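*Asks:* Sending over run06.cif (mmCIF, N, CA and C atoms and all ligand atoms).
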data_data
loop_
_atom_site.label_atom_id
_atom_site.label_comp_id
_atom_site.auth_asym_id
_atom_site.auth_seq_id
_atom_site.Cartn_x
_atom_site.Cartn_y
_atom_site.Cartn_z
N MET F 55 -29.77 -37.66 -1.45
CA MET F 55 -28.40 -37.33 -1.02
C MET F 55 -27.75 -36.38 -2.02
N LYS F 56 -27.90 -36.72 -3.31
CA LYS F 56 -27.29 -35.89 -4.34
C LYS F 56 -27.84 -34.46 -4.27
N ARG F 57 -29.16 -34.40 -4.06
CA ARG F 57 -29.82 -33.10 -4.00
C ARG F 57 -29.29 -32.31 -2.79
N PHE F 58 -29.12 -33.03 -1.69
CA PHE F 58 -28.60 -32.40 -0.48
C PHE F 58 -27.21 -31.80 -0.73
N VAL F 59 -26.38 -32.58 -1.42
CA VAL F 59 -25.02 -32.11 -1.71
C VAL F 59 -25.08 -30.86 -2.60
N THR F 60 -25.98 -30.90 -3.58
CA THR F 60 -26.11 -29.74 -4.47
C THR F 60 -26.53 -28.50 -3.69
N VAL F 61 -27.52 -28.68 -2.83
CA VAL F 61 -27.99 -27.55 -2.03
C VAL F 61 -26.87 -27.07 -1.11
N LEU F 62 -26.17 -28.04 -0.54
CA LEU F 62 -25.09 -27.69 0.37
C LEU F 62 -23.99 -26.90 -0.35
N SER F 63 -23.60 -27.35 -1.55
CA SER F 63 -22.53 -26.64 -2.23
C SER F 63 -23.00 -25.27 -2.70
N LEU F 64 -24.27 -25.16 -3.07
CA LEU F 64 -24.79 -23.85 -3.45
C LEU F 64 -24.73 -22.90 -2.25
N PHE F 65 -25.12 -23.45 -1.10
CA PHE F 65 -25.08 -22.66 0.12
C PHE F 65 -23.65 -22.20 0.42
N THR F 66 -22.70 -23.12 0.25
CA THR F 66 -21.29 -22.79 0.53
C THR F 66 -20.82 -21.68 -0.41
N VAL F 67 -21.15 -21.82 -1.69
CA VAL F 67 -20.73 -20.81 -2.67
C VAL F 67 -21.30 -19.45 -2.29
N LEU F 68 -22.59 -19.44 -1.94
CA LEU F 68 -23.23 -18.18 -1.57
C LEU F 68 -22.60 -17.59 -0.32
N THR F 69 -22.36 -18.45 0.68
CA THR F 69 -21.78 -17.96 1.93
C THR F 69 -20.40 -17.38 1.67
N LEU F 70 -19.62 -18.12 0.87
CA LEU F 70 -18.26 -17.65 0.60
C LEU F 70 -18.28 -16.33 -0.15
N SER F 71 -19.15 -16.23 -1.16
CA SER F 71 -19.13 -14.99 -1.93
C SER F 71 -19.65 -13.81 -1.12
N PHE F 72 -20.69 -14.07 -0.29
CA PHE F 72 -21.15 -12.96 0.53
C PHE F 72 -20.13 -12.63 1.61
N GLY F 73 -19.52 -13.68 2.14
CA GLY F 73 -18.50 -13.49 3.17
C GLY F 73 -17.36 -12.62 2.67
N SER F 74 -16.85 -12.92 1.46
CA SER F 74 -15.71 -12.14 0.99
C SER F 74 -16.15 -10.74 0.57
N GLU F 75 -17.41 -10.63 0.14
CA GLU F 75 -17.89 -9.31 -0.23
C GLU F 75 -17.98 -8.39 0.99
N ALA F 76 -18.37 -9.00 2.11
CA ALA F 76 -18.55 -8.21 3.32
C ALA F 76 -17.25 -7.53 3.75
N LYS F 77 -16.12 -8.23 3.62
CA LYS F 77 -14.89 -7.60 4.08
C LYS F 77 -14.09 -7.02 2.91
N ALA F 78 -14.69 -7.06 1.72
CA ALA F 78 -13.94 -6.66 0.54
C ALA F 78 -13.67 -5.17 0.48
N ALA F 79 -14.71 -4.37 0.62
CA ALA F 79 -14.54 -2.95 0.40
C ALA F 79 -13.66 -2.32 1.48
N VAL F 80 -12.61 -1.67 1.05
CA VAL F 80 -11.78 -0.92 1.98
C VAL F 80 -12.36 0.48 2.04
N THR F 81 -12.67 0.92 3.24
CA THR F 81 -13.30 2.23 3.38
C THR F 81 -12.41 3.16 4.20
N ALA F 82 -12.83 4.40 4.25
CA ALA F 82 -12.11 5.38 5.06
C ALA F 82 -12.09 4.96 6.52
N ALA F 83 -13.14 4.20 6.93
CA ALA F 83 -13.19 3.74 8.32
C ALA F 83 -12.05 2.77 8.63
N ASP F 84 -11.69 1.93 7.64
CA ASP F 84 -10.55 1.01 7.83
C ASP F 84 -9.26 1.79 8.02
N VAL F 85 -9.12 2.83 7.22
CA VAL F 85 -7.92 3.66 7.29
C VAL F 85 -7.86 4.39 8.63
N ALA F 86 -9.03 4.85 9.08
CA ALA F 86 -9.09 5.66 10.31
C ALA F 86 -8.69 4.88 11.55
N LYS F 87 -8.66 3.54 11.45
CA LYS F 87 -8.24 2.74 12.61
C LYS F 87 -6.73 2.82 12.82
N HIS F 88 -6.04 3.41 11.86
CA HIS F 88 -4.57 3.44 11.91
C HIS F 88 -4.07 4.88 12.07
N ASN F 89 -2.82 4.98 12.48
CA ASN F 89 -2.19 6.28 12.62
C ASN F 89 -1.52 6.63 11.28
N VAL F 90 -2.26 7.34 10.44
CA VAL F 90 -1.79 7.61 9.08
C VAL F 90 -0.58 8.55 9.08
N ALA F 91 -0.52 9.47 10.03
CA ALA F 91 0.63 10.39 10.10
C ALA F 91 1.90 9.59 10.39
N ASN F 92 1.80 8.67 11.35
CA ASN F 92 2.93 7.79 11.64
C ASN F 92 3.24 6.93 10.42
N GLY F 93 2.19 6.50 9.73
CA GLY F 93 2.35 5.68 8.53
C GLY F 93 3.15 6.40 7.47
N LYS F 94 2.94 7.69 7.33
CA LYS F 94 3.69 8.45 6.33
C LYS F 94 5.19 8.46 6.66
N THR F 95 5.50 8.63 7.94
CA THR F 95 6.91 8.63 8.36
C THR F 95 7.55 7.27 8.04
N VAL F 96 6.83 6.20 8.37
CA VAL F 96 7.34 4.84 8.11
C VAL F 96 7.47 4.65 6.60
N TYR F 97 6.45 5.08 5.87
CA TYR F 97 6.43 4.93 4.40
C TYR F 97 7.62 5.66 3.76
N ASP F 98 7.83 6.93 4.15
CA ASP F 98 8.90 7.71 3.54
C ASP F 98 10.25 7.02 3.71
N ALA F 99 10.46 6.43 4.89
CA ALA F 99 11.76 5.84 5.19
C ALA F 99 11.93 4.42 4.64
N ASN F 100 10.80 3.69 4.49
CA ASN F 100 10.94 2.25 4.20
C ASN F 100 10.23 1.75 2.95
N CYS F 101 9.26 2.47 2.47
CA CYS F 101 8.41 1.94 1.40
C CYS F 101 8.49 2.76 0.12
N ALA F 102 8.75 4.06 0.27
CA ALA F 102 8.71 4.96 -0.90
C ALA F 102 9.70 4.55 -1.97
N ALA F 103 10.82 3.98 -1.58
CA ALA F 103 11.86 3.60 -2.55
C ALA F 103 11.25 2.77 -3.68
N CYS F 104 10.33 1.89 -3.36
CA CYS F 104 9.69 1.08 -4.40
C CYS F 104 8.32 1.61 -4.78
N HIS F 105 7.55 2.06 -3.78
CA HIS F 105 6.15 2.37 -4.05
C HIS F 105 5.92 3.77 -4.63
N ALA F 106 6.93 4.65 -4.59
CA ALA F 106 6.75 5.95 -5.23
C ALA F 106 6.94 5.81 -6.73
N SER F 107 7.90 4.99 -7.14
CA SER F 107 8.25 4.87 -8.56
C SER F 107 7.61 3.67 -9.23
N GLY F 108 7.19 2.67 -8.43
CA GLY F 108 6.62 1.46 -9.01
C GLY F 108 7.70 0.49 -9.47
N ILE F 109 8.88 0.63 -8.92
CA ILE F 109 9.99 -0.27 -9.28
C ILE F 109 9.62 -1.71 -8.89
N LEU F 110 10.10 -2.67 -9.65
CA LEU F 110 9.84 -4.10 -9.39
C LEU F 110 8.35 -4.42 -9.41
N LYS F 111 7.57 -3.62 -10.15
CA LYS F 111 6.11 -3.81 -10.25
C LYS F 111 5.38 -3.52 -8.95
N ALA F 112 5.94 -2.68 -8.12
CA ALA F 112 5.24 -2.29 -6.89
C ALA F 112 4.08 -1.36 -7.27
N PRO F 113 2.91 -1.55 -6.65
CA PRO F 113 1.79 -0.63 -6.90
C PRO F 113 2.15 0.77 -6.41
N LYS F 114 1.95 1.76 -7.28
CA LYS F 114 2.37 3.12 -6.94
C LYS F 114 1.38 3.82 -6.01
N THR F 115 1.93 4.48 -5.03
CA THR F 115 1.13 5.27 -4.10
C THR F 115 0.44 6.39 -4.87
N GLY F 116 -0.85 6.57 -4.64
CA GLY F 116 -1.58 7.65 -5.29
C GLY F 116 -2.10 7.31 -6.68
N VAL F 117 -1.75 6.13 -7.21
CA VAL F 117 -2.22 5.74 -8.54
C VAL F 117 -3.33 4.69 -8.38
N LYS F 118 -4.56 5.13 -8.51
CA LYS F 118 -5.72 4.27 -8.22
C LYS F 118 -5.72 2.98 -9.05
N ALA F 119 -5.33 3.08 -10.32
CA ALA F 119 -5.36 1.91 -11.19
C ALA F 119 -4.47 0.79 -10.66
N ASP F 120 -3.38 1.16 -10.01
CA ASP F 120 -2.46 0.14 -9.49
C ASP F 120 -3.06 -0.62 -8.30
N TRP F 121 -4.08 -0.02 -7.68
CA TRP F 121 -4.64 -0.61 -6.46
C TRP F 121 -6.03 -1.20 -6.65
N ALA F 122 -6.62 -0.95 -7.82
CA ALA F 122 -8.01 -1.35 -8.04
C ALA F 122 -8.22 -2.85 -7.81
N ALA F 123 -7.27 -3.66 -8.22
CA ALA F 123 -7.43 -5.11 -8.05
C ALA F 123 -6.95 -5.57 -6.68
N ARG F 124 -6.31 -4.69 -5.94
CA ARG F 124 -5.75 -5.08 -4.63
C ARG F 124 -6.70 -4.73 -3.48
N LEU F 125 -7.36 -3.58 -3.59
CA LEU F 125 -8.22 -3.13 -2.49
C LEU F 125 -9.32 -4.14 -2.14
N PRO F 126 -9.90 -4.84 -3.13
CA PRO F 126 -10.96 -5.80 -2.77
C PRO F 126 -10.50 -6.93 -1.85
N GLN F 127 -9.22 -7.13 -1.72
CA GLN F 127 -8.73 -8.16 -0.79
C GLN F 127 -9.06 -7.80 0.65
N GLY F 128 -9.23 -6.50 0.89
CA GLY F 128 -9.47 -6.03 2.25
C GLY F 128 -8.18 -5.62 2.93
N MET F 129 -8.33 -4.75 3.88
CA MET F 129 -7.20 -4.16 4.60
C MET F 129 -6.35 -5.22 5.31
N ASP F 130 -7.02 -6.14 6.02
CA ASP F 130 -6.29 -7.12 6.83
C ASP F 130 -5.37 -7.99 5.98
N THR F 131 -5.87 -8.39 4.82
CA THR F 131 -5.06 -9.23 3.93
C THR F 131 -3.86 -8.46 3.41
N MET F 132 -4.08 -7.22 3.01
CA MET F 132 -2.96 -6.43 2.49
C MET F 132 -1.91 -6.18 3.57
N ILE F 133 -2.38 -5.98 4.80
CA ILE F 133 -1.44 -5.77 5.90
C ILE F 133 -0.65 -7.06 6.17
N LYS F 134 -1.35 -8.18 6.20
CA LYS F 134 -0.67 -9.45 6.47
C LYS F 134 0.39 -9.73 5.40
N LYS F 135 0.02 -9.49 4.13
CA LYS F 135 0.98 -9.74 3.05
C LYS F 135 2.18 -8.80 3.15
N SER F 136 1.95 -7.58 3.66
CA SER F 136 3.05 -6.63 3.80
C SER F 136 3.98 -7.04 4.94
N ILE F 137 3.41 -7.62 5.98
CA ILE F 137 4.22 -8.07 7.12
C ILE F 137 5.01 -9.33 6.73
N ASP F 138 4.33 -10.26 6.09
CA ASP F 138 4.97 -11.55 5.75
C ASP F 138 5.81 -11.49 4.48
N GLY F 139 5.48 -10.54 3.60
CA GLY F 139 6.10 -10.51 2.28
C GLY F 139 5.40 -11.51 1.37
N TYR F 140 5.46 -11.30 0.07
CA TYR F 140 4.86 -12.25 -0.87
C TYR F 140 5.39 -11.97 -2.26
N THR F 141 5.17 -12.94 -3.14
CA THR F 141 5.61 -12.80 -4.52
C THR F 141 4.44 -13.16 -5.43
N ALA F 142 4.03 -12.21 -6.25
CA ALA F 142 3.01 -12.49 -7.28
C ALA F 142 3.59 -12.00 -8.60
N ALA F 143 3.22 -10.77 -9.00
CA ALA F 143 3.79 -10.20 -10.23
C ALA F 143 5.22 -9.75 -9.99
N GLY F 144 5.48 -9.33 -8.76
CA GLY F 144 6.81 -8.86 -8.39
C GLY F 144 7.20 -9.47 -7.06
N ASN F 145 7.97 -8.74 -6.27
CA ASN F 145 8.40 -9.29 -4.99
C ASN F 145 8.30 -8.22 -3.91
N MET F 146 7.38 -8.44 -2.99
CA MET F 146 7.21 -7.52 -1.86
C MET F 146 7.93 -8.16 -0.68
N PRO F 147 9.06 -7.52 -0.24
CA PRO F 147 9.81 -8.11 0.87
C PRO F 147 9.05 -7.98 2.20
N ALA F 148 9.20 -8.93 3.10
CA ALA F 148 8.56 -8.87 4.41
C ALA F 148 8.93 -7.55 5.08
N ARG F 149 7.93 -6.86 5.61
CA ARG F 149 8.09 -5.56 6.28
C ARG F 149 8.89 -4.57 5.42
N GLY F 150 8.72 -4.67 4.12
CA GLY F 150 9.42 -3.76 3.21
C GLY F 150 10.93 -3.92 3.29
N GLY F 151 11.38 -5.04 3.86
CA GLY F 151 12.82 -5.29 3.95
C GLY F 151 13.44 -4.80 5.25
N ASN F 152 12.64 -4.21 6.12
CA ASN F 152 13.16 -3.71 7.40
C ASN F 152 12.56 -4.52 8.55
N ALA F 153 13.30 -5.54 9.00
CA ALA F 153 12.80 -6.47 10.03
C ALA F 153 12.55 -5.77 11.36
N GLU F 154 13.09 -4.55 11.52
CA GLU F 154 12.92 -3.80 12.77
C GLU F 154 11.51 -3.23 12.92
N LEU F 155 10.81 -3.10 11.80
CA LEU F 155 9.48 -2.48 11.86
C LEU F 155 8.50 -3.37 12.62
N THR F 156 7.68 -2.75 13.46
CA THR F 156 6.65 -3.50 14.19
C THR F 156 5.44 -3.70 13.27
N ASP F 157 4.55 -4.63 13.66
CA ASP F 157 3.32 -4.85 12.90
C ASP F 157 2.54 -3.54 12.79
N GLN F 158 2.55 -2.79 13.90
CA GLN F 158 1.83 -1.52 13.94
C GLN F 158 2.39 -0.53 12.90
N GLN F 159 3.69 -0.45 12.83
CA GLN F 159 4.31 0.48 11.88
C GLN F 159 3.99 0.09 10.43
N VAL F 160 4.06 -1.21 10.15
CA VAL F 160 3.75 -1.67 8.78
C VAL F 160 2.28 -1.39 8.47
N SER F 161 1.40 -1.67 9.45
CA SER F 161 -0.04 -1.43 9.24
C SER F 161 -0.31 0.04 8.96
N ASP F 162 0.31 0.91 9.73
CA ASP F 162 0.12 2.35 9.54
C ASP F 162 0.59 2.79 8.15
N ALA F 163 1.70 2.21 7.71
CA ALA F 163 2.22 2.57 6.38
C ALA F 163 1.27 2.09 5.29
N VAL F 164 0.69 0.89 5.47
CA VAL F 164 -0.29 0.40 4.50
C VAL F 164 -1.49 1.35 4.48
N ALA F 165 -1.93 1.78 5.65
CA ALA F 165 -3.08 2.69 5.73
C ALA F 165 -2.77 4.00 4.99
N TYR F 166 -1.56 4.49 5.14
CA TYR F 166 -1.16 5.72 4.44
C TYR F 166 -1.24 5.50 2.92
N MET F 167 -0.75 4.36 2.45
CA MET F 167 -0.76 4.09 1.01
C MET F 167 -2.20 3.91 0.51
N VAL F 168 -3.00 3.18 1.27
CA VAL F 168 -4.39 2.94 0.87
C VAL F 168 -5.16 4.26 0.83
N LYS F 169 -4.92 5.11 1.82
CA LYS F 169 -5.62 6.39 1.87
C LYS F 169 -5.36 7.21 0.60
N SER F 170 -4.18 7.05 0.03
CA SER F 170 -3.82 7.83 -1.16
C SER F 170 -4.60 7.42 -2.40
N VAL F 171 -5.28 6.27 -2.33
CA VAL F 171 -6.02 5.79 -3.52
C VAL F 171 -7.51 5.59 -3.26
N LEU F 172 -8.00 6.04 -2.12
CA LEU F 172 -9.44 5.89 -1.83
C LEU F 172 -10.22 7.00 -2.51
C1 LIG P 1 11.98 -3.55 -2.57
C2 LIG P 1 10.78 -2.89 -3.00
C3 LIG P 1 9.63 -2.72 -2.02
C4 LIG P 1 9.66 -2.11 -0.79
C5 LIG P 1 10.84 -1.45 -0.08
C6 LIG P 1 8.30 -2.17 -0.29
N1 LIG P 1 7.49 -2.81 -1.18
FE1 LIG P 1 5.49 -3.18 -0.98
N2 LIG P 1 5.48 -4.12 -2.76
C7 LIG P 1 6.56 -4.26 -3.59
C8 LIG P 1 6.17 -4.99 -4.78
C9 LIG P 1 7.05 -5.36 -5.96
C10 LIG P 1 4.79 -5.29 -4.62
C11 LIG P 1 3.90 -6.07 -5.59
C12 LIG P 1 4.22 -7.52 -5.41
C13 LIG P 1 3.39 -8.40 -6.28
O1 LIG P 1 2.22 -8.08 -6.53
O2 LIG P 1 3.93 -9.45 -6.67
C14 LIG P 1 4.39 -4.70 -3.35
C15 LIG P 1 3.10 -4.77 -2.85
C16 LIG P 1 2.69 -4.12 -1.70
C17 LIG P 1 1.32 -4.02 -1.24
C18 LIG P 1 0.11 -4.59 -1.94
C19 LIG P 1 -0.26 -5.87 -1.27
C20 LIG P 1 -1.38 -6.60 -1.94
O3 LIG P 1 -2.02 -7.37 -1.23
O4 LIG P 1 -1.64 -6.42 -3.12
C21 LIG P 1 1.33 -3.33 -0.08
C22 LIG P 1 0.14 -2.96 0.79
C23 LIG P 1 2.70 -2.99 0.20
N3 LIG P 1 3.51 -3.48 -0.80
C24 LIG P 1 3.10 -2.31 1.31
C25 LIG P 1 4.42 -1.95 1.57
C26 LIG P 1 4.84 -1.27 2.77
C27 LIG P 1 3.92 -0.86 3.89
C28 LIG P 1 6.19 -1.08 2.67
C29 LIG P 1 7.11 -0.42 3.65
C30 LIG P 1 7.06 -0.86 5.02
C31 LIG P 1 6.61 -1.66 1.40
N4 LIG P 1 5.50 -2.18 0.77
C32 LIG P 1 7.92 -1.66 0.92
C33 LIG P 1 7.84 -3.80 -3.39
C34 LIG P 1 8.27 -3.15 -2.26
#
Could you write out this file's structure as structure tokens?
*Replies:*
Amino acid sequence: MKRFVTVLSLFTVLTLSFGSEAKAAVTAADVAKHNVANGKTVYDANCAACHASGILKAPKTGVKADWAARLPQGMDTMIKKSIDGYTAAGNMPARGGNAELTDQQVSDAVAYMVKSVL
């Protein structure tokens, strides 16, 4: 039984690590699923205030070092956190503080920002 549990937990660890690795890398293909031109318009009006300057510890658009630890989360996670808002080192307001934005608009803006650091 003990051996079975050990094998089982090893299997779980391997599955989890391979699983997260599979969706980890953000590629140009992830970005291409979104309307980046629309994302720029949304970004300029709603996100640039924090993400151009890095105010409140926001990761700066176009600065790869600011995104290196974030990109491995995968596109879907970063989009979800942008829609819901979250607090880690700083405070990212839900939908960048504009409740009028649709999920699509927020996703496109994330794609625009991610594209700037790929
Ligand atoms: C009021 C300032 C502010 C505005 C406006 C803002 N953000 Fe942020 N954003 C932040 C901060 C601060 C963080 C980092 C939070 C942390 O790590 O604790 C962040 C983090 C992020 C991240 C990284 C998420 C991750 O998983 O690491 C993304 C993507 C993002 N914002 C997208 C957007 C988008 C898209 C908009 C516009 C719709 C936007 N933000 C508007 C402050 C802002």
*Asks:* Output the neighbourhood of ligand LIG 1 (chain P) as JSON, numbers by chain, that is, all protein and nucleic acid residues with some atom at most 7 Å from the ligand, counting only N, CA and C atoms and all ligand atoms.
*Replies:* {"F": [96, 97, 99, 100, 101, 102, 103, 104, 105, 108, 109, 110, 111, 112, 113, 123, 124, 125, 127, 131, 132, 133, 135, 136, 140, 141, 142, 143, 144, 145, 146, 147, 148, 149, 150, 151, 152, 159, 160, 161, 162, 163, 164, 165, 168]}
*Asks:* So how many Å separate atom C of Ser170 (chain F) and atom N of Leu155 (chain F), to one decimal?
*Replies:* 23.4 Å
*Asks:* Rounded to one decimal place, report the atom C of Thr95 (chain F)-atom N of Ala79 (chain F) distance in Å.
*Replies:*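 Those two atoms sit 26.2 Å apart.
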*Asks:* To one decimal place, how far is CA of Val85 (chain F) from CA of Ala119 (chain F) in Å?
*Replies:*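 Distance reported for this atom pair: 18.7 Å.
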